[in-house]
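Structure data follow from upload-v5.pdb (PDB, C-alpha atoms):
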ATOM      1  CA  MET E 230     242.365 146.939  22.335
ATOM      2  CA  ASP E 231     242.274 149.805  19.864
ATOM      3  CA  ILE E 232     238.893 149.262  18.284
ATOM      4  CA  ASP E 233     239.311 152.190  15.896
ATOM      5  CA  ARG E 234     242.549 150.777  14.559
ATOM      6  CA  LEU E 235     240.963 147.354  14.105
ATOM      7  CA  PHE E 236     237.970 148.931  12.418
ATOM      8  CA  ARG E 237     240.083 150.816   9.891
ATOM      9  CA  LEU E 238     242.196 147.722   9.283
ATOM     10  CA  TYR E 239     239.476 145.121   8.852
ATOM     11  CA  TYR E 240     236.221 146.856   7.992
ATOM     12  CA  LYS E 241     236.604 146.812   4.229
ATOM     13  CA  PRO E 242     238.204 143.350   4.034
ATOM     14  CA  MET E 243     235.361 141.962   6.141
ATOM     15  CA  CYS E 244     232.869 143.611   3.817
ATOM     16  CA  LEU E 245     234.544 142.120   0.747
ATOM     17  CA  TYR E 246     234.675 138.738   2.502
ATOM     18  CA  ALA E 247     230.936 138.943   3.191
ATOM     19  CA  MET E 248     230.294 139.971  -0.406
ATOM     20  CA  HIS E 249     231.347 136.459  -1.426
ATOM     21  CA  TYR E 250     228.288 135.211   0.487
ATOM     22  CA  LEU E 251     225.839 138.007  -0.161
ATOM     23  CA  ASN E 252     225.406 140.236  -3.171
ATOM     24  CA  ASP E 253     223.931 143.055  -1.113
ATOM     25  CA  THR E 254     226.273 145.835   0.019
ATOM     26  CA  ASP E 255     223.766 147.242   2.505
ATOM     27  CA  ALA E 256     223.247 143.880   4.207
ATOM     28  CA  VAL E 257     226.987 143.312   4.205
ATOM     29  CA  GLU E 258     227.693 146.618   5.914
ATOM     30  CA  ASP E 259     225.079 145.899   8.575
ATOM     31  CA  ILE E 260     226.580 142.477   9.271
ATOM     32  CA  VAL E 261     230.116 143.830   9.538
ATOM     33  CA  GLN E 262     228.957 146.676  11.787
ATOM     34  CA  ASP E 263     227.269 144.128  14.049
ATOM     35  CA  ALA E 264     230.478 142.089  14.168
ATOM     36  CA  PHE E 265     232.501 145.080  15.326
ATOM     37  CA  VAL E 266     229.869 146.017  17.875
ATOM     38  CA  SER E 267     230.010 142.450  19.173
ATOM     39  CA  LEU E 268     233.784 142.683  19.435
ATOM     40  CA  TRP E 269     233.506 145.976  21.264
ATOM     41  CA  GLN E 270     230.981 144.524  23.690
ATOM     42  CA  LYS E 271     233.308 141.637  24.409
ATOM     43  CA  ALA E 272     236.114 144.055  25.121
ATOM     44  CA  GLU E 273     233.883 146.157  27.357
ATOM     45  CA  ALA E 274     232.942 143.021  29.272
ATOM     46  CA  GLY E 275     236.617 142.320  29.858
ATOM     47  CA  SER E 276     236.920 139.307  27.585
ATOM     48  CA  VAL E 277     238.884 140.527  24.587
ATOM     49  CA  PRO E 278     239.217 137.770  21.973
ATOM     50  CA  MET E 279     242.773 136.528  21.575
ATOM     51  CA  GLN E 280     242.529 136.940  17.808
ATOM     52  CA  PRO E 281     240.174 139.786  16.940
ATOM     53  CA  ARG E 282     240.494 139.168  13.215
ATOM     54  CA  ALA E 283     239.433 135.534  13.564
ATOM     55  CA  TYR E 284     236.585 136.591  15.844
ATOM     56  CA  LEU E 285     235.347 139.136  13.322
ATOM     57  CA  LEU E 286     235.658 136.620  10.513
ATOM     58  CA  ALA E 287     233.593 134.070  12.426
ATOM     59  CA  CYS E 288     230.925 136.646  13.290
ATOM     60  CA  VAL E 289     230.640 137.796   9.686
ATOM     61  CA  ARG E 290     230.589 134.289   8.288
ATOM     62  CA  ASN E 291     227.943 133.072  10.731
ATOM     63  CA  ALA E 292     225.773 136.125  10.159
ATOM     64  CA  CYS E 293     225.987 135.673   6.390
ATOM     65  CA  ILE E 294     225.056 132.002   6.666
ATOM     66  CA  ASP E 295     222.153 132.845   8.965
ATOM     67  CA  LEU E 296     220.876 135.407   6.511
ATOM     68  CA  LEU E 297     221.195 132.998   3.615
ATOM     69  CA  ARG E 298     219.342 130.334   5.612
ATOM     70  CA  ARG E 299     216.478 132.723   6.009
ATOM     71  CA  GLN E 300     216.528 133.553   2.320
ATOM     72  CA  GLN E 301     217.283 130.218   0.668
ATOM     73  CA  SER E 302     215.279 127.005   0.488
ATOM     74  CA  HIS E 303     218.458 124.912   0.731
ATOM     75  CA  PRO E 304     220.459 126.488   3.504
ATOM     76  CA  GLN E 305     223.042 123.717   3.439
ATOM     77  CA  ASP E 306     224.097 125.091   0.108
ATOM     78  CA  ALA E 307     225.111 128.385   1.665
ATOM     79  CA  MET E 308     228.699 128.644   0.598
ATOM     80  CA  PRO E 309     230.675 131.686  -0.317
ATOM     81  CA  ALA E 310     230.542 132.359  -4.006
ATOM     82  CA  ASP E 311     233.780 131.931  -5.845
ATOM     83  CA  ALA E 312     235.235 130.240  -2.794
ATOM     84  CA  ALA E 313     236.489 127.334  -4.816
ATOM     85  CA  GLY E 314     239.863 129.011  -5.170
ATOM     86  CA  ALA E 315     240.238 129.391  -1.425
ATOM     87  CA  ASP E 316     241.383 126.329   0.443
ATOM     88  CA  THR E 317     241.057 127.848   3.876
ATOM     89  CA  GLU E 318     239.338 130.700   5.590
ATOM     90  CA  GLU E 319     242.714 132.355   5.891
ATOM     91  CA  GLU E 320     243.138 132.266   2.120
ATOM     92  CA  ALA E 321     239.626 133.637   1.701
ATOM     93  CA  LEU E 322     240.420 136.466   4.107
ATOM     94  CA  ALA E 323     243.729 137.158   2.375
ATOM     95  CA  GLY E 324     241.842 137.424  -0.882
ATOM     96  CA  ALA E 325     239.308 139.724   0.754
ATOM     97  CA  GLU E 326     242.111 141.976   1.929
ATOM     98  CA  LYS E 327     243.415 142.239  -1.621
ATOM     99  CA  GLU E 328     239.910 142.955  -2.827
ATOM    100  CA  ALA E 329     239.524 145.638  -0.182
ATOM    101  CA  ALA E 330     242.617 147.340  -1.520
ATOM    102  CA  LEU E 331     241.251 147.066  -5.038
ATOM    103  CA  TRP E 332     237.902 148.453  -3.935
ATOM    104  CA  ALA E 333     239.689 151.458  -2.427
ATOM    105  CA  ALA E 334     241.659 151.838  -5.650
ATOM    106  CA  VAL E 335     238.430 151.932  -7.658
ATOM    107  CA  ASP E 336     237.152 154.547  -5.225
ATOM    108  CA  SER E 337     240.201 156.652  -5.938
ATOM    109  CA  LEU E 338     239.857 156.555  -9.723
ATOM    110  CA  PRO E 339     238.815 159.748 -11.444
ATOM    111  CA  PRO E 340     235.023 159.662 -11.707
ATOM    112  CA  GLY E 341     234.892 159.530 -15.486
ATOM    113  CA  ARG E 342     237.446 156.781 -15.746
ATOM    114  CA  ARG E 343     235.739 154.792 -13.022
ATOM    115  CA  LYS E 344     232.423 155.142 -14.779
ATOM    116  CA  MET E 345     233.807 153.812 -18.036
ATOM    117  CA  LEU E 346     235.517 150.928 -16.251
ATOM    118  CA  LEU E 347     232.320 149.913 -14.476
ATOM    119  CA  MET E 348     230.177 150.282 -17.560
ATOM    120  CA  HIS E 349     232.510 147.909 -19.330
ATOM    121  CA  LYS E 350     233.510 145.391 -16.632
ATOM    122  CA  ARG E 351     230.423 145.459 -14.425
ATOM    123  CA  ASP E 352     227.626 146.381 -16.781
ATOM    124  CA  GLY E 353     229.029 144.517 -19.751
ATOM    125  CA  LEU E 354     228.841 147.325 -22.277
ATOM    126  CA  SER E 355     231.157 147.414 -25.208
ATOM    127  CA  HIS E 356     233.619 150.214 -25.825
ATOM    128  CA  LYS E 357     231.477 151.409 -28.647
ATOM    129  CA  ALA E 358     228.298 151.457 -26.581
ATOM    130  CA  ILE E 359     230.023 153.331 -23.799
ATOM    131  CA  ALA E 360     231.410 155.876 -26.248
ATOM    132  CA  GLU E 361     227.974 156.430 -27.713
ATOM    133  CA  ARG E 362     226.350 156.858 -24.304
ATOM    134  CA  LEU E 363     228.979 159.236 -22.991
ATOM    135  CA  GLY E 364     229.492 161.106 -26.254
ATOM    136  CA  VAL E 365     233.178 160.385 -26.486
ATOM    137  CA  SER E 366     235.313 158.478 -28.930
ATOM    138  CA  GLU E 367     235.757 154.785 -28.670
ATOM    139  CA  GLY E 368     239.494 155.336 -28.408
ATOM    140  CA  THR E 369     238.999 157.488 -25.363
ATOM    141  CA  VAL E 370     236.963 154.793 -23.717
ATOM    142  CA  ARG E 371     239.550 152.146 -24.525
ATOM    143  CA  ASN E 372     242.345 154.353 -23.240
ATOM    144  CA  GLN E 373     240.614 155.291 -20.008
ATOM    145  CA  ILE E 374     239.708 151.693 -19.192
ATOM    146  CA  SER E 375     243.251 150.567 -19.931
ATOM    147  CA  ARG E 376     244.703 153.160 -17.607
ATOM    148  CA  ALA E 377     242.249 152.223 -14.890
ATOM    149  CA  LEU E 378     243.115 148.542 -15.103
ATOM    150  CA  LYS E 379     246.814 149.298 -15.131
ATOM    151  CA  LYS E 380     246.501 151.237 -11.922
ATOM    152  CA  LEU E 381     244.389 148.559 -10.316
ATOM    153  CA  ARG E 382     246.718 145.743 -11.311
ATOM    154  CA  ASN E 383     249.615 147.582  -9.759
ATOM    155  CA  LYS E 384     247.902 147.427  -6.376
TER
ATOM    156  CA  MET G 994     249.484 135.060  -9.441
ATOM    157  CA  GLN G 995     248.255 137.340 -12.193
ATOM    158  CA  ASP G 996     245.287 135.082 -12.705
ATOM    159  CA  LYS G 997     244.428 135.296  -9.048
ATOM    160  CA  LEU G 998     244.816 139.076  -9.099
ATOM    161  CA  ASP G 999     242.615 139.261 -12.123
ATOM    162  CA  LYS G1000     240.068 137.096 -10.318
ATOM    163  CA  ASN G1001     240.103 139.429  -7.325
ATOM    164  CA  LEU G1002     239.932 142.459  -9.612
ATOM    165  CA  ASP G1003     237.181 140.915 -11.598
ATOM    166  CA  PHE G1004     235.200 140.242  -8.423
ATOM    167  CA  VAL G1005     235.669 143.800  -7.190
ATOM    168  CA  VAL G1006     234.767 145.480 -10.431
ATOM    169  CA  LYS G1007     231.733 143.275 -11.008
ATOM    170  CA  ASN G1008     230.384 143.881  -7.512
ATOM    171  CA  TYR G1009     231.488 147.461  -7.051
ATOM    172  CA  LYS G1010     228.831 149.865  -5.833
ATOM    173  CA  GLU G1011     229.444 153.548  -5.492
ATOM    174  CA  ASP G1012     229.441 155.033  -1.981
ATOM    175  CA  SER G1013     229.746 151.621  -0.345
ATOM    176  CA  PHE G1014     232.176 150.392   2.271
ATOM    177  CA  ASP G1015     233.318 153.878   3.214
ATOM    178  CA  THR G1016     235.431 153.020   6.253
ATOM    179  CA  GLU G1017     235.422 156.441   7.913
ATOM    180  CA  GLN G1018     231.697 156.853   7.445
ATOM    181  CA  ALA G1019     231.137 153.382   8.861
ATOM    182  CA  LEU G1020     233.423 154.159  11.778
ATOM    183  CA  ARG G1021     231.359 157.217  12.623
ATOM    184  CA  LYS G1022     228.247 155.080  12.516
ATOM    185  CA  PHE G1023     229.945 152.547  14.772
ATOM    186  CA  HIS G1024     230.889 155.264  17.260
ATOM    187  CA  LYS G1025     227.331 156.443  17.278
ATOM    188  CA  ARG G1026     226.085 152.948  18.081
ATOM    189  CA  VAL G1027     228.534 152.194  20.846
ATOM    190  CA  GLY G1028     228.590 155.814  21.927
ATOM    191  CA  ASP G1029     224.897 155.607  22.807
ATOM    192  CA  SER G1030     225.673 152.535  24.902
ATOM    193  CA  ARG G1031     228.649 154.273  26.454
ATOM    194  CA  GLN G1032     226.612 157.366  27.092
ATOM    195  CA  SER G1033     223.786 155.391  28.601
ATOM    196  CA  ARG G1034     226.220 153.617  30.830
ATOM    197  CA  THR G1035     227.986 156.831  31.557
ATOM    198  CA  SER G1036     224.687 158.527  32.281
ATOM    199  CA  ARG G1037     223.710 155.746  34.637
ATOM    200  CA  ARG G1038     227.081 155.999  36.334
ATOM    201  CA  TRP G1039     226.758 159.746  36.476
ATOM    202  CA  TRP G1040     223.305 159.547  37.962
ATOM    203  CA  ALA G1041     224.458 156.897  40.405
ATOM    204  CA  ALA G1042     227.416 159.060  41.408
ATOM    205  CA  ALA G1043     225.208 162.120  41.671
ATOM    206  CA  ALA G1044     222.734 160.197  43.821
ATOM    207  CA  ALA G1045     225.558 158.973  46.058
ATOM    208  CA  VAL G1046     226.936 162.478  46.425
ATOM    209  CA  PHE G1047     223.480 163.832  47.166
ATOM    210  CA  ALA G1048     222.800 161.105  49.720
ATOM    211  CA  GLY G1049     226.150 161.744  51.356
ATOM    212  CA  ALA G1050     225.541 165.459  51.433
ATOM    213  CA  PHE G1051     222.106 164.848  52.910
ATOM    214  CA  VAL G1052     223.536 162.614  55.638
ATOM    215  CA  LEU G1053     226.207 165.174  56.426
ATOM    216  CA  PHE G1054     223.696 167.973  56.514
ATOM    217  CA  ALA G1055     221.250 166.039  58.647
ATOM    218  CA  GLY G1056     224.008 165.035  61.025
ATOM    219  CA  GLY G1057     225.368 168.537  61.193
ATOM    220  CA  TYR G1058     221.947 169.954  61.777
ATOM    221  CA  GLY G1059     221.356 167.448  64.536
ATOM    222  CA  ILE G1060     224.639 168.296  66.213
ATOM    223  CA  TYR G1061     223.890 171.979  65.850
ATOM    224  CA  ASN G1062     220.558 171.529  67.550
ATOM    225  CA  MET G1063     222.120 169.563  70.382
ATOM    226  CA  VAL G1064     224.668 172.264  71.018
ATOM    227  CA  GLN G1065     222.404 175.205  70.581
ATOM    228  CA  LYS G1066     219.308 173.845  72.200
ATOM    229  CA  GLU G1067     217.923 175.970  75.030
ATOM    230  CA  PRO G1068     215.381 174.757  77.417
ATOM    231  CA  ALA G1069     211.994 175.455  76.167
ATOM    232  CA  PRO G1070     210.690 178.547  77.724
ATOM    233  CA  ALA G1071     208.280 177.694  80.412
ATOM    234  CA  PRO G1072     204.806 178.757  79.703
ATOM    235  CA  GLU G1073     204.427 182.172  81.033
ATOM    236  CA  VAL G1074     202.449 182.170  84.213
ATOM    237  CA  ARG G1075     201.328 185.445  85.354
ATOM    238  CA  LEU G1076     201.355 185.542  89.020
ATOM    239  CA  GLN G1077     199.451 188.212  90.439
ATOM    240  CA  GLN G1078     201.961 190.420  92.035
ATOM    241  CA  GLU G1079     201.018 191.097  95.591
ATOM    242  CA  THR G1080     202.243 194.366  96.891
ATOM    243  CA  PRO G1081     202.037 195.123 100.650
ATOM    244  CA  ALA G1082     199.269 197.528  99.912
ATOM    245  CA  GLU G1083     197.297 194.842  98.215
ATOM    246  CA  VAL G1084     197.614 192.258 100.949
ATOM    247  CA  HIS G1085     194.297 191.795 102.617
ATOM    248  CA  THR G1086     194.314 192.745 106.294
ATOM    249  CA  PHE G1087     191.802 191.604 108.741
ATOM    250  CA  VAL G1088     191.015 194.444 111.120
ATOM    251  CA  PHE G1089     189.036 193.680 114.197
ATOM    252  CA  ASP G1090     188.054 196.351 116.695
ATOM    253  CA  ASN G1091     186.371 194.876 119.692
ATOM    254  CA  THR G1092     184.740 192.503 117.301
ATOM    255  CA  PRO G1093     182.791 189.603 118.790
ATOM    256  CA  LEU G1094     184.565 186.303 118.287
ATOM    257  CA  ALA G1095     181.535 184.930 116.475
ATOM    258  CA  ASP G1096     181.873 187.713 113.861
ATOM    259  CA  VAL G1097     185.613 187.161 113.630
ATOM    260  CA  LEU G1098     185.111 183.466 112.953
ATOM    261  CA  GLU G1099     182.372 184.225 110.424
ATOM    262  CA  GLU G1100     184.570 186.682 108.465
ATOM    263  CA  LEU G1101     187.498 184.297 108.428
ATOM    264  CA  SER G1102     185.264 181.411 107.447
ATOM    265  CA  ASP G1103     183.887 183.378 104.483
ATOM    266  CA  TYR G1104     187.334 184.496 103.349
ATOM    267  CA  TYR G1105     188.995 181.113 103.595
ATOM    268  CA  ASN G1106     185.863 179.207 102.648
ATOM    269  CA  CYS G1107     185.814 177.046 105.682
ATOM    270  CA  THR G1108     183.927 176.711 108.952
ATOM    271  CA  LEU G1109     185.529 178.033 112.063
ATOM    272  CA  THR G1110     183.871 177.229 115.341
ATOM    273  CA  ALA G1111     184.650 177.821 118.970
ATOM    274  CA  PRO G1112     182.848 176.546 122.094
ATOM    275  CA  VAL G1113     182.850 180.085 123.502
ATOM    276  CA  THR G1114     182.076 182.964 121.209
ATOM    277  CA  ASN G1115     181.210 185.764 123.591
ATOM    278  CA  LYS G1116     184.750 187.095 123.690
ATOM    279  CA  ARG G1117     185.799 190.121 121.603
ATOM    280  CA  LEU G1118     188.918 190.628 119.546
ATOM    281  CA  THR G1119     190.849 193.777 118.745
ATOM    282  CA  GLY G1120     193.728 193.552 116.379
ATOM    283  CA  SER G1121     194.770 193.366 112.699
ATOM    284  CA  PHE G1122     196.013 190.320 110.808
ATOM    285  CA  PRO G1123     197.452 190.338 107.290
ATOM    286  CA  GLU G1124     196.196 187.696 104.956
ATOM    287  CA  ASP G1125     198.219 184.766 105.829
ATOM    288  CA  ASN G1126     198.074 181.156 106.579
ATOM    289  CA  LEU G1127     194.745 180.491 108.284
ATOM    290  CA  GLU G1128     196.355 178.128 110.706
ATOM    291  CA  GLU G1129     198.646 180.855 111.966
ATOM    292  CA  ILE G1130     195.777 183.346 112.276
ATOM    293  CA  VAL G1131     193.725 180.852 114.239
ATOM    294  CA  VAL G1132     196.676 180.153 116.552
ATOM    295  CA  ALA G1133     197.149 183.875 117.110
ATOM    296  CA  ILE G1134     193.501 184.320 117.984
ATOM    297  CA  GLU G1135     193.490 181.227 120.248
ATOM    298  CA  ASN G1136     196.471 182.626 122.116
ATOM    299  CA  ALA G1137     194.963 186.095 122.368
ATOM    300  CA  LEU G1138     191.541 184.977 123.583
ATOM    301  CA  ASP G1139     192.477 181.686 125.172
ATOM    302  CA  VAL G1140     189.891 179.772 123.205
ATOM    303  CA  ASP G1141     189.991 176.619 121.085
ATOM    304  CA  ILE G1142     189.028 177.178 117.485
ATOM    305  CA  THR G1143     188.162 174.301 115.200
ATOM    306  CA  ILE G1144     188.728 174.581 111.466
ATOM    307  CA  GLY G1145     186.123 172.683 109.596
ATOM    308  CA  LYS G1146     185.636 172.132 105.813
TER
END

Would you write out, as structure tokens, the structure that this file holds?
Amino acid sequence: MDIDRLFRLYYKPMCLYAMHYLNDTDAVEDIVQDAFVSLWQKAEAGSVPMQPRAYLLACVRNACIDLLRRQQSHPQDAMPADAAGADTEEEALAGAEKEAALWAAVDSLPPGRRKMLLMHKRDGLSHKAIAERLGVSEGTVRNQISRALKKLRNK
Amino acid sequence: MQDKLDKNLDFVVKNYKEDSFDTEQALRKFHKRVGDSRQSRTSRRWWAAAAAVFAGAFVLFAGGYGIYNMVQKEPAPAPEVRLQQETPAEVHTFVFDNTPLADVLEELSDYYNCTLTAPVTNKRLTGSFPEDNLEEIVVAIENALDVDITIGK
């Protein structure tokens, strides 16, 4: 089992999958790291899971639910956010893989363009407000965000 | 399809955090975690192997040393006993010149730390006897003088 290959293939998708449970990137990364360490330990012990991806998914899901149980007063309500569109875990993972690709695409955006995109889509600022804060024209902001979304939608 | 993509995109953009989910950085962190375990295990294996090699070398050395000692062992030198070397000149000689038998017996008794007696002691002896076995000296004197000499403690 090539653990490095599996890591590069599934690390980000697992993180995005966990993000649907938890809104904490640090906690998510710890959980996914633990899942891969668990997989590695299994392999070292000579019992490689037949489906590593399913094993990782189960580890991440269970760890997220455990964390939510410790944090929430109604642990039975621990469900992945925005999971209504996913009928199965497979669909949820497929969505997470798309989101991982999108996350990498955001990473690859030019810093200025990414900043404008996030200020608008994540932080909820208007084009005008962004232009005022960054000292650029509103047209520039609109143009940069449009180009960013075009690139991301082509992923 | 587009709606779903937009939903995924919307989720990513709304939750995006800079410097998060860096796969290569995370992989290095992962290697460090499992590498410590590997190294610990490797260290234990190395120490176990080193101990086995050392024990084997010790057994070989001890065995070889034992064999060497068996082959090379010489009898322990006997404690040196100095025996007083007796040269002919140093051998005591009894010299009697017409010496009364009583005196002869007295001298021999003193020398050999015993008591020599004879029923007749008025005979005289002339002759010389090297220090020797007392029994043989007494026999020689008995034959020469035709007397019976008793050796007492």

Taking the file as shown, what set of residues would the PyMOL selection byres ((chain G) within 10 of (chain E)) give back, as a PDB file with C-alpha atoms, keeping the file's coordinate frame?
ATOM      1  CA  GLN G 995     248.255 137.340 -12.193  1.00  0.00           C
ATOM      2  CA  LYS G 997     244.428 135.296  -9.048  1.00  0.00           C
ATOM      3  CA  LEU G 998     244.816 139.076  -9.099  1.00  0.00           C
ATOM      4  CA  ASP G 999     242.615 139.261 -12.123  1.00  0.00           C
ATOM      5  CA  LYS G1000     240.068 137.096 -10.318  1.00  0.00           C
ATOM      6  CA  ASN G1001     240.103 139.429  -7.325  1.00  0.00           C
ATOM      7  CA  LEU G1002     239.932 142.459  -9.612  1.00  0.00           C
ATOM      8  CA  ASP G1003     237.181 140.915 -11.598  1.00  0.00           C
ATOM      9  CA  PHE G1004     235.200 140.242  -8.423  1.00  0.00           C
ATOM     10  CA  VAL G1005     235.669 143.800  -7.190  1.00  0.00           C
ATOM     11  CA  VAL G1006     234.767 145.480 -10.431  1.00  0.00           C
ATOM     12  CA  LYS G1007     231.733 143.275 -11.008  1.00  0.00           C
ATOM     13  CA  ASN G1008     230.384 143.881  -7.512  1.00  0.00           C
ATOM     14  CA  TYR G1009     231.488 147.461  -7.051  1.00  0.00           C
ATOM     15  CA  LYS G1010     228.831 149.865  -5.833  1.00  0.00           C
ATOM     16  CA  GLU G1011     229.444 153.548  -5.492  1.00  0.00           C
ATOM     17  CA  ASP G1012     229.441 155.033  -1.981  1.00  0.00           C
ATOM     18  CA  SER G1013     229.746 151.621  -0.345  1.00  0.00           C
ATOM     19  CA  PHE G1014     232.176 150.392   2.271  1.00  0.00           C
ATOM     20  CA  ASP G1015     233.318 153.878   3.214  1.00  0.00           C
ATOM     21  CA  THR G1016     235.431 153.020   6.253  1.00  0.00           C
ATOM     22  CA  GLU G1017     235.422 156.441   7.913  1.00  0.00           C
ATOM     23  CA  ALA G1019     231.137 153.382   8.861  1.00  0.00           C
ATOM     24  CA  LEU G1020     233.423 154.159  11.778  1.00  0.00           C
ATOM     25  CA  ARG G1021     231.359 157.217  12.623  1.00  0.00           C
ATOM     26  CA  LYS G1022     228.247 155.080  12.516  1.00  0.00           C
ATOM     27  CA  PHE G1023     229.945 152.547  14.772  1.00  0.00           C
ATOM     28  CA  HIS G1024     230.889 155.264  17.260  1.00  0.00           C
ATOM     29  CA  ARG G1026     226.085 152.948  18.081  1.00  0.00           C
ATOM     30  CA  VAL G1027     228.534 152.194  20.846  1.00  0.00           C
ATOM     31  CA  SER G1030     225.673 152.535  24.902  1.00  0.00           C
ATOM     32  CA  ARG G1031     228.649 154.273  26.454  1.00  0.00           C
TER      33      ARG G1031
END

How big is the axis-aligned box, and where does its centre sit, when it encloses all atoms of stretch 1123-1141 of chain G listed in the file and has 4 Å added on every side, reported in Å to one decimal as AutoDock Vina command-line options?
--center_x 194.3 --center_y 183.5 --center_z 115.1 --size_x 16.8 --size_y 21.7 --size_z 28.2

Give as an mmCIF file with C-alpha atoms, in the frame of the given file the residues that the PyMOL selection byres ((chain E and resi 357-369) around 10) matches when applied to the coordinates above.
data_model
loop_
_atom_site.group_PDB
_atom_site.id
_atom_site.type_symbol
_atom_site.label_atom_id
_atom_site.label_comp_id
_atom_site.auth_asym_id
_atom_site.auth_seq_id
_atom_site.Cartn_x
_atom_site.Cartn_y
_atom_site.Cartn_z
ATOM 1 C CA GLY E 341 234.892 159.530 -15.486
ATOM 2 C CA ARG E 342 237.446 156.781 -15.746
ATOM 3 C CA LYS E 344 232.423 155.142 -14.779
ATOM 4 C CA MET E 345 233.807 153.812 -18.036
ATOM 5 C CA LEU E 346 235.517 150.928 -16.251
ATOM 6 C CA MET E 348 230.177 150.282 -17.560
ATOM 7 C CA HIS E 349 232.510 147.909 -19.330
ATOM 8 C CA GLY E 353 229.029 144.517 -19.751
ATOM 9 C CA LEU E 354 228.841 147.325 -22.277
ATOM 10 C CA SER E 355 231.157 147.414 -25.208
ATOM 11 C CA HIS E 356 233.619 150.214 -25.825
ATOM 12 C CA VAL E 370 236.963 154.793 -23.717
ATOM 13 C CA ARG E 371 239.550 152.146 -24.525
ATOM 14 C CA ASN E 372 242.345 154.353 -23.240
ATOM 15 C CA GLN E 373 240.614 155.291 -20.008
ATOM 16 C CA ILE E 374 239.708 151.693 -19.192
ATOM 17 C CA SER E 375 243.251 150.567 -19.931
#

request  = Show which residues sit within 7 Å of stretch 282-299 of chain E, as a list in words. Count only C-alpha atoms, and ignore same-chain residues fewer than 2 positions away.
outcome  =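 So the residues in contact are Met243, Ala247, Tyr250, Leu251, Ile260, Val261, Ala264, Phe265, Pro278, Gln280, Gln301, Pro304 and Ala307 of chain E.
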
task = Please evaluate the PyMOL selection byres ((chain G and resi 1124) around 10) against the displayed coordinates and give the resulting residues as an MDAnalysis selection string.
result = chainID G and resid 1083:1087 1101 1104:1105 1121:1123 1125:1127 1130

Those residues with C-alpha atoms, as a CSV table (one decimal), keeping the file's coordinate frame please?
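Saved the output as result_14.csv:
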chain,number,residue,atom,x,y,z
G,1083,GLU,CA,197.3,194.8,98.2
G,1084,VAL,CA,197.6,192.3,100.9
G,1085,HIS,CA,194.3,191.8,102.6
G,1086,THR,CA,194.3,192.7,106.3
G,1087,PHE,CA,191.8,191.6,108.7
G,1101,LEU,CA,187.5,184.3,108.4
G,1104,TYR,CA,187.3,184.5,103.3
G,1105,TYR,CA,189.0,181.1,103.6
G,1121,SER,CA,194.8,193.4,112.7
G,1122,PHE,CA,196.0,190.3,110.8
G,1123,PRO,CA,197.5,190.3,107.3
G,1125,ASP,CA,198.2,184.8,105.8
G,1126,ASN,CA,198.1,181.2,106.6
G,1127,LEU,CA,194.7,180.5,108.3
G,1130,ILE,CA,195.8,183.3,112.3

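With all atoms listed in the file as the basis for measurement, G:Ile1142 is the residue among G:Ala1050, G:Ile1134, G:Leu1094, G:Ile1142 that approaches G:Thr1108 most closely.
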
key: Separation of atom CA of G:Leu1109 from atom CA of G:Leu1138 in Å   =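 Between atom CA of G:Leu1138 and atom CA of G:Leu1109 the gap works out to 14.7 Å.
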
task = Using atom CA of G:Asn1106 and atom CA of G:Glu1129 as the two end points, give the distance in Å to one decimal.
result = 15.9 Å

ask   = atom CA of E:Ala334 and atom CA of E:Glu318 are how many Å apart?
value =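 Separation between atom CA of E:Ala334 and atom CA of E:Glu318: 24.1 Å.
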
Provide stretch 275-284 of chain E rebuilt to N, CA and C atoms, formatted as a PDB file, in the coordinates of the input.
ATOM      1  N   GLY E 275     235.351 142.801  29.307  1.00  0.00           N
ATOM      2  CA  GLY E 275     236.617 142.320  29.858  1.00  0.00           C
ATOM      3  C   GLY E 275     237.105 141.023  29.267  1.00  0.00           C
ATOM      4  N   SER E 276     236.473 140.563  28.197  1.00  0.00           N
ATOM      5  CA  SER E 276     236.920 139.307  27.585  1.00  0.00           C
ATOM      6  C   SER E 276     237.283 139.565  26.128  1.00  0.00           C
ATOM      7  N   VAL E 277     238.424 140.216  25.946  1.00  0.00           N
ATOM      8  CA  VAL E 277     238.884 140.527  24.587  1.00  0.00           C
ATOM      9  C   VAL E 277     239.308 139.244  23.888  1.00  0.00           C
ATOM     10  N   PRO E 278     238.790 138.974  22.696  1.00  0.00           N
ATOM     11  CA  PRO E 278     239.217 137.770  21.973  1.00  0.00           C
ATOM     12  C   PRO E 278     240.717 137.801  21.702  1.00  0.00           C
ATOM     13  N   MET E 279     241.326 136.606  21.789  1.00  0.00           N
ATOM     14  CA  MET E 279     242.773 136.528  21.575  1.00  0.00           C
ATOM     15  C   MET E 279     243.133 136.969  20.160  1.00  0.00           C
ATOM     16  N   GLN E 280     242.276 136.569  19.202  1.00  0.00           N
ATOM     17  CA  GLN E 280     242.529 136.940  17.808  1.00  0.00           C
ATOM     18  C   GLN E 280     241.309 137.684  17.278  1.00  0.00           C
ATOM     19  N   PRO E 281     241.332 139.000  17.372  1.00  0.00           N
ATOM     20  CA  PRO E 281     240.174 139.786  16.940  1.00  0.00           C
ATOM     21  C   PRO E 281     239.794 139.540  15.489  1.00  0.00           C
ATOM     22  N   ARG E 282     240.798 139.356  14.640  1.00  0.00           N
ATOM     23  CA  ARG E 282     240.494 139.168  13.215  1.00  0.00           C
ATOM     24  C   ARG E 282     239.716 137.872  13.015  1.00  0.00           C
ATOM     25  N   ALA E 283     240.137 136.811  13.678  1.00  0.00           N
ATOM     26  CA  ALA E 283     239.433 135.534  13.564  1.00  0.00           C
ATOM     27  C   ALA E 283     238.031 135.644  14.137  1.00  0.00           C
ATOM     28  N   TYR E 284     237.902 136.401  15.231  1.00  0.00           N
ATOM     29  CA  TYR E 284     236.585 136.591  15.844  1.00  0.00           C
ATOM     30  C   TYR E 284     235.655 137.316  14.886  1.00  0.00           C
TER      31      TYR E 284
END
